[in-house]
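Chemist: Here you go, entry-v3.txt (compact mmCIF, C-alpha atoms):
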```txt
# COMPACT_ATOMS: atom_id res chain seq x y z
CA GLN A 84 11.82 -5.37 -12.50
CA VAL A 85 10.33 -6.94 -9.39
CA GLN A 86 7.11 -8.83 -10.05
CA LEU A 87 4.79 -10.25 -7.42
CA GLN A 88 1.93 -12.71 -7.82
CA GLU A 89 -0.54 -13.70 -5.13
CA SER A 90 -2.16 -17.13 -5.01
CA GLY A 91 -4.47 -19.01 -2.69
CA PRO A 92 -8.11 -19.87 -2.02
CA SER A 93 -10.69 -17.26 -2.93
CA LEU A 94 -13.19 -18.55 -0.37
CA VAL A 95 -12.55 -19.28 3.30
CA LYS A 96 -15.05 -20.41 5.90
CA PRO A 97 -15.63 -18.36 9.06
CA SER A 98 -13.31 -19.33 11.92
CA GLY A 99 -10.92 -20.89 9.41
CA THR A 100 -7.43 -19.80 8.34
CA LEU A 101 -6.77 -17.60 5.34
CA SER A 102 -3.52 -18.65 3.63
CA LEU A 103 -1.95 -16.81 0.70
CA THR A 104 1.39 -17.03 -1.06
CA CYS A 105 3.26 -14.36 -2.98
CA ALA A 106 5.66 -15.56 -5.67
CA VAL A 107 8.56 -13.19 -6.31
CA SER A 108 10.31 -12.83 -9.65
CA GLY A 109 12.90 -10.34 -10.85
CA ALA A 110 14.46 -10.19 -7.40
CA SER A 111 15.72 -12.51 -4.71
CA ILE A 112 13.71 -12.89 -1.53
CA SER A 113 17.10 -12.55 0.17
CA ASN A 114 17.50 -8.97 -1.06
CA ASN A 115 17.49 -6.31 1.62
CA TYR A 116 13.79 -5.58 1.08
CA TRP A 117 10.74 -5.80 3.30
CA TRP A 118 8.08 -8.21 2.03
CA THR A 119 4.60 -7.09 2.98
CA TRP A 120 0.90 -7.89 2.98
CA ILE A 121 -1.73 -5.17 2.62
CA ARG A 122 -5.48 -5.62 2.25
CA GLN A 123 -8.42 -3.58 0.99
CA PRO A 124 -12.03 -4.44 1.91
CA PRO A 125 -14.45 -3.90 -0.98
CA GLY A 126 -15.06 -0.19 -1.49
CA ASN A 127 -12.73 0.79 1.35
CA GLY A 128 -9.18 1.92 1.98
CA LEU A 129 -5.87 0.14 2.50
CA GLU A 130 -4.77 -1.65 5.68
CA TRP A 131 -1.18 -2.71 6.34
CA LEU A 132 -1.07 -6.21 7.80
CA GLY A 133 2.61 -6.86 8.34
CA GLU A 134 6.05 -7.38 6.86
CA ILE A 135 9.01 -9.72 6.94
CA HIS A 136 12.70 -9.52 6.10
CA HIS A 137 14.60 -12.53 4.78
CA SER A 138 16.54 -12.56 8.05
CA GLY A 139 13.33 -13.57 9.76
CA ILE A 140 12.53 -10.25 11.39
CA SER A 141 8.80 -9.57 11.16
CA ASN A 142 6.46 -6.79 12.21
CA TYR A 143 2.70 -6.90 12.40
CA ASN A 144 -0.20 -4.51 12.71
CA PRO A 145 -1.10 -4.55 16.43
CA SER A 146 -4.80 -4.73 15.57
CA LEU A 147 -4.20 -8.14 13.99
CA LYS A 148 -1.02 -9.28 15.69
CA SER A 149 -2.47 -12.27 17.46
CA ARG A 150 -3.99 -13.66 14.26
CA VAL A 151 -1.44 -12.95 11.55
CA THR A 152 1.78 -14.73 10.62
CA ILE A 153 4.06 -13.94 7.68
CA SER A 154 6.82 -16.32 6.64
CA VAL A 155 9.51 -16.58 3.97
CA ASP A 156 10.46 -19.59 1.83
CA LYS A 157 13.88 -18.86 0.38
CA SER A 158 13.99 -22.12 -1.60
CA LYS A 159 10.87 -21.08 -3.54
CA ASN A 160 11.57 -17.33 -3.57
CA GLN A 161 8.19 -16.58 -2.04
CA PHE A 162 6.55 -15.41 1.13
CA SER A 163 3.23 -16.26 2.73
CA LEU A 164 0.41 -14.90 4.88
CA ASN A 165 -1.65 -16.84 7.40
CA LEU A 166 -4.61 -15.13 9.07
CA ASP A 167 -6.38 -17.18 11.73
CA SER A 168 -9.95 -17.15 13.03
CA VAL A 169 -11.32 -15.20 10.08
CA THR A 170 -14.72 -13.52 9.99
CA ALA A 171 -16.67 -11.72 7.29
CA ALA A 172 -14.76 -8.57 8.24
CA ASP A 173 -11.63 -10.16 6.78
CA THR A 174 -13.19 -10.24 3.30
CA ALA A 175 -10.90 -8.11 1.16
CA VAL A 176 -8.53 -7.89 -1.76
CA TYR A 177 -5.17 -8.99 -0.41
CA TYR A 178 -2.04 -7.51 -1.96
CA CYS A 179 1.56 -8.53 -1.52
CA ALA A 180 4.03 -5.70 -1.92
CA THR A 181 7.63 -4.81 -1.33
CA THR A 182 9.60 -1.66 -0.72
CA GLY A 183 12.24 -2.69 -3.22
CA THR A 184 14.79 0.08 -3.32
CA TYR A 185 12.27 2.61 -2.04
CA SER A 186 12.56 3.35 1.65
CA TYR A 187 9.37 3.49 3.73
CA SER A 188 7.08 3.05 0.72
CA TYR A 189 5.92 0.31 -1.62
CA GLY A 190 7.24 0.49 -5.13
CA HIS A 191 6.11 -2.96 -6.21
CA TRP A 192 2.70 -4.60 -5.83
CA GLY A 193 1.02 -7.79 -6.87
CA GLN A 194 -2.25 -7.54 -8.76
CA GLY A 195 -4.21 -8.52 -5.66
CA THR A 196 -6.51 -11.44 -4.93
CA LEU A 197 -10.04 -11.25 -3.55
CA VAL A 198 -10.66 -13.49 -0.58
CA THR A 199 -14.22 -13.89 0.64
CA VAL A 200 -15.03 -15.24 4.08
CA SER A 201 -18.36 -17.02 3.94
CA SER A 202 -19.93 -20.33 4.82
CA GLU B 81 -1.05 4.76 15.95
CA ILE B 82 -0.48 7.80 13.75
CA GLY B 83 -3.68 8.84 11.99
CA LEU B 84 -3.83 10.32 8.51
CA THR B 85 -6.65 12.54 7.30
CA GLN B 86 -6.98 13.26 3.61
CA SER B 87 -9.00 16.11 2.18
CA PRO B 88 -11.13 16.61 0.30
CA GLY B 89 -12.88 13.25 0.17
CA THR B 90 -13.87 13.90 -3.43
CA LEU B 91 -12.42 16.47 -5.83
CA SER B 92 -14.26 17.29 -9.04
CA LEU B 93 -12.12 18.89 -11.75
CA SER B 94 -11.70 18.92 -15.52
CA PRO B 95 -8.82 17.79 -17.72
CA GLY B 96 -6.18 20.48 -17.95
CA GLU B 97 -6.89 21.83 -14.46
CA ARG B 98 -4.64 21.64 -11.42
CA ALA B 99 -5.42 19.32 -8.49
CA THR B 100 -4.27 19.88 -4.93
CA LEU B 101 -4.73 17.01 -2.47
CA SER B 102 -4.03 17.29 1.25
CA CYS B 103 -2.84 14.76 3.84
CA ARG B 104 -2.59 15.67 7.51
CA THR B 105 -0.95 13.41 10.11
CA SER B 106 -1.89 13.29 13.80
CA GLN B 107 1.75 13.57 14.79
CA SER B 108 4.74 15.14 13.14
CA ILE B 109 6.59 12.70 10.91
CA GLY B 110 9.89 12.77 9.10
CA SER B 111 9.85 13.89 5.50
CA SER B 112 11.26 10.55 4.37
CA HIS B 113 8.23 8.78 5.84
CA LEU B 114 5.41 10.11 3.64
CA ALA B 115 4.34 8.60 0.31
CA TRP B 116 1.49 8.99 -2.20
CA TYR B 117 -0.20 6.33 -4.33
CA GLN B 118 -2.66 6.34 -7.22
CA GLN B 119 -5.25 3.58 -7.53
CA ARG B 120 -7.35 3.16 -10.63
CA PRO B 121 -10.48 0.94 -10.50
CA GLY B 122 -9.63 -2.74 -10.42
CA GLN B 123 -5.90 -2.11 -10.14
CA ALA B 124 -3.31 -2.25 -7.40
CA PRO B 125 -2.05 1.03 -5.99
CA ARG B 126 0.90 2.59 -7.82
CA LEU B 127 3.62 4.50 -6.00
CA LEU B 128 3.78 8.10 -7.19
CA ILE B 129 5.78 9.99 -4.59
CA PHE B 130 8.11 8.79 -1.81
CA GLY B 131 9.99 10.75 0.79
CA THR B 132 7.39 13.56 0.55
CA SER B 133 8.67 14.95 -2.76
CA SER B 134 10.59 12.36 -4.80
CA ARG B 135 8.89 10.90 -7.85
CA ALA B 136 8.97 7.13 -8.32
CA THR B 137 10.42 5.69 -11.51
CA GLY B 138 8.33 6.54 -14.56
CA ILE B 139 6.10 9.10 -12.85
CA PRO B 140 5.70 12.27 -14.96
CA ASP B 141 6.74 15.60 -13.55
CA ARG B 142 3.10 16.74 -13.56
CA PHE B 143 3.00 15.00 -10.18
CA SER B 144 4.72 16.76 -7.30
CA GLY B 145 4.72 16.40 -3.53
CA SER B 146 5.52 18.82 -0.77
CA GLY B 147 5.08 19.42 2.93
CA SER B 148 6.59 18.81 6.33
CA GLY B 149 5.67 18.07 9.91
CA THR B 150 1.97 17.21 9.84
CA ASP B 151 0.84 18.77 6.54
CA PHE B 152 1.60 17.27 3.16
CA THR B 153 0.33 17.98 -0.35
CA LEU B 154 0.15 16.15 -3.66
CA THR B 155 -0.21 18.45 -6.66
CA ILE B 156 -1.15 17.30 -10.14
CA SER B 157 -0.76 19.97 -12.77
CA ARG B 158 -2.54 19.81 -16.12
CA LEU B 159 -4.86 16.88 -15.35
CA GLU B 160 -5.14 14.17 -17.96
CA PRO B 161 -8.04 11.68 -18.26
CA ALA B 162 -5.91 8.85 -16.82
CA ASP B 163 -5.30 10.88 -13.65
CA PHE B 164 -8.90 10.51 -12.48
CA ALA B 165 -8.54 7.88 -9.78
CA VAL B 166 -8.29 7.50 -5.99
CA TYR B 167 -5.19 8.84 -4.27
CA TYR B 168 -3.85 7.63 -0.93
CA CYS B 169 -1.18 9.03 1.33
CA GLN B 170 0.82 6.64 3.51
CA GLN B 171 3.10 7.19 6.44
CA TYR B 172 5.73 5.12 8.20
CA GLY B 173 5.98 5.20 11.95
CA GLY B 174 3.96 4.57 15.06
CA SER B 175 2.73 1.30 16.50
CA ALA B 176 1.14 0.07 13.26
CA LEU B 177 4.33 0.97 11.39
CA TYR B 178 2.55 1.83 8.15
CA THR B 179 -0.86 3.50 7.87
CA PHE B 180 -2.81 4.88 4.92
CA GLY B 181 -5.19 7.77 4.62
CA GLN B 182 -8.80 7.12 3.68
CA GLY B 183 -8.25 8.33 0.14
CA THR B 184 -9.26 11.24 -2.09
CA LYS B 185 -11.33 10.44 -5.16
CA LEU B 186 -10.43 12.65 -8.10
CA GLU B 187 -13.35 12.71 -10.51
CA ILE B 188 -14.22 14.51 -13.70
```
Let me see the file written as structure tokens.
Modeler:
Amino acid sequence: QVQLQESGPSLVKPSGTLSLTCAVSGASISNNYWWTWIRQPPGNGLEWLGEIHHSGISNYNPSLKSRVTISVDKSKNQFSLNLDSVTAADTAVYYCATTGTYSYSYGHWGQGTLVTVSS
Amino acid sequence: EIGLTQSPGTLSLSPGERATLSCRTSQSIGSSHLAWYQQRPGQAPRLLIFGTSSRATGIPDRFSGSGSGTDFTLTISRLEPADFAVYYCQQYGGSALYTFGQGTKLEI
């Protein structure tokens, strides 16, 4: 069973960089899965941020493309999110997720981590 | 970007009743590209249905999905107390690749 666990700072200052890591267990990051970040502002819906394949292919939400980077660390079996130039609008619960064996949908999610952007 | 509109925004029902949730896309999508999730308070979303009508592992057969083109439906027969949650549809395709509907809150 694939398990995902997010980690990183819970508070980021405006104009700073939000950095999160997702540790993967129960599967290899080199599996033919897409590794993804999704966020949910408090009381609101879900927003797809982007995804990466172990081959290095990545795709991003155009609304955030210039600010977001997702990377893979095969040696640690984890992947990471960097979001630059954050504002209060980036305050959200951030989830890592993966398709696993499900095509075009996310069968496995981390528990989520709340990141607040505030001075 | 392909938009998704879920209706109703809130659905008030009782245990034992049948729930019908709608998801409409702004463009026609392939049947393999539509999924449904359940999110309980304080929890991550859980995949219920993928490929329009296939149940994810461990999902009871009270949950069923249907539809094609731009109109998709999630049906929950014989509601149980644990089913009262927020439900999201999700599609694959378009410039943002994956987008979610705004959610339907199923309340008692």
Chemist: Please produce, as JSON lines, a per-residue contact table for chain A versus chain B (criterion: any atom at most 9 Å away, all atoms listed in the file considered), showing the nearest atom pair and its distance in Å to one decimal, sorted by chain then residue number.
Modeler:
```
{"residue": "A:Asn127", "atom": "CA", "partner": "B:Gln182", "partner_atom": "CA", "distance": 7.8}
{"residue": "A:Gly128", "atom": "CA", "partner": "B:Gln182", "partner_atom": "CA", "distance": 5.5}
{"residue": "A:Leu129", "atom": "CA", "partner": "B:Phe180", "partner_atom": "CA", "distance": 6.1}
{"residue": "A:Glu130", "atom": "CA", "partner": "B:Thr179", "partner_atom": "CA", "distance": 6.8}
{"residue": "A:Trp131", "atom": "CA", "partner": "B:Tyr178", "partner_atom": "CA", "distance": 6.1}
{"residue": "A:Leu132", "atom": "CA", "partner": "B:Ala176", "partner_atom": "CA", "distance": 8.6}
{"residue": "A:Gly133", "atom": "CA", "partner": "B:Leu177", "partner_atom": "CA", "distance": 8.6}
{"residue": "A:Asn142", "atom": "CA", "partner": "B:Leu177", "partner_atom": "CA", "distance": 8.1}
{"residue": "A:Tyr143", "atom": "CA", "partner": "B:Ala176", "partner_atom": "CA", "distance": 7.2}
{"residue": "A:Asn144", "atom": "CA", "partner": "B:Ala176", "partner_atom": "CA", "distance": 4.8}
{"residue": "A:Pro145", "atom": "CA", "partner": "B:Ala176", "partner_atom": "CA", "distance": 6.0}
{"residue": "A:Ser146", "atom": "CA", "partner": "B:Ala176", "partner_atom": "CA", "distance": 8.0}
{"residue": "A:Tyr178", "atom": "CA", "partner": "B:Ala124", "partner_atom": "CA", "distance": 7.7}
{"residue": "A:Tyr185", "atom": "CA", "partner": "B:Phe130", "partner_atom": "CA", "distance": 7.5}
{"residue": "A:Ser186", "atom": "CA", "partner": "B:Ser112", "partner_atom": "CA", "distance": 7.8}
{"residue": "A:Tyr187", "atom": "CA", "partner": "B:His113", "partner_atom": "CA", "distance": 5.8}
{"residue": "A:Ser188", "atom": "CA", "partner": "B:Ala115", "partner_atom": "CA", "distance": 6.2}
{"residue": "A:Tyr189", "atom": "CA", "partner": "B:Leu127", "partner_atom": "CA", "distance": 6.5}
{"residue": "A:Gly190", "atom": "CA", "partner": "B:Leu127", "partner_atom": "CA", "distance": 5.5}
{"residue": "A:His191", "atom": "CA", "partner": "B:Arg126", "partner_atom": "CA", "distance": 7.8}
{"residue": "A:Trp192", "atom": "CA", "partner": "B:Ala124", "partner_atom": "CA", "distance": 6.6}
{"residue": "A:Gly193", "atom": "CA", "partner": "B:Ala124", "partner_atom": "CA", "distance": 7.1}
{"residue": "A:Gln194", "atom": "CA", "partner": "B:Ala124", "partner_atom": "CA", "distance": 5.6}
{"residue": "A:Gly195", "atom": "CA", "partner": "B:Ala124", "partner_atom": "CA", "distance": 6.6}
```
Chemist: Kindly give the distance, in Å, that separates CA of Ala175 (chain A) and CA of Gln118 (chain B), rounded to a single decimal.
Modeler: 18.6 Å
Chemist: Nearest to Ser154 (chain A) among A:Pro97, A:Val85, A:Gly126, A:Trp120, with distances taken over only C-alpha atoms: which residue is it?
Modeler: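 Nearest candidate to Ser154 (chain A) out of A:Pro97, A:Val85, A:Gly126, A:Trp120: A:Trp120.
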Chemist: Please identify all polymer residues within 9 Å of Arg150 (chain A), counting only C-alpha atoms, omitting same-chain residues fewer than 2 positions from it, and present them as a list in words.
Modeler: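 The contact residues come out as Leu147, Lys148, Thr152, Asn165, Leu166, Asp167, Ser168 and Val169 of chain A.
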Chemist: Work out how far CA of Ala172 (chain A) is from CA of Leu91 (chain B), in Å to one decimal.
Modeler: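 Pair CA of Leu91 (chain B) / CA of Ala172 (chain A) returns 28.8 Å.
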Chemist: Do a neighbour search on Thr100 (chain B) at 9 Å with all atoms listed in the file, toss out local chain neighbours closer than 2 positions, and write the hits as a list of chain:residue names.
Modeler: B:Leu91, B:Arg98, B:Ser102, B:Thr153, B:Leu154, B:Thr155, B:Ile156, B:Ser157
Chemist: For Ile140 (chain A), please output as a PyMOL selection string all residues within 10 Å (counting only C-alpha atoms; exclusion window: fewer than 6 positions along the same chain).
Modeler: chain A and resi 117+134+153-154
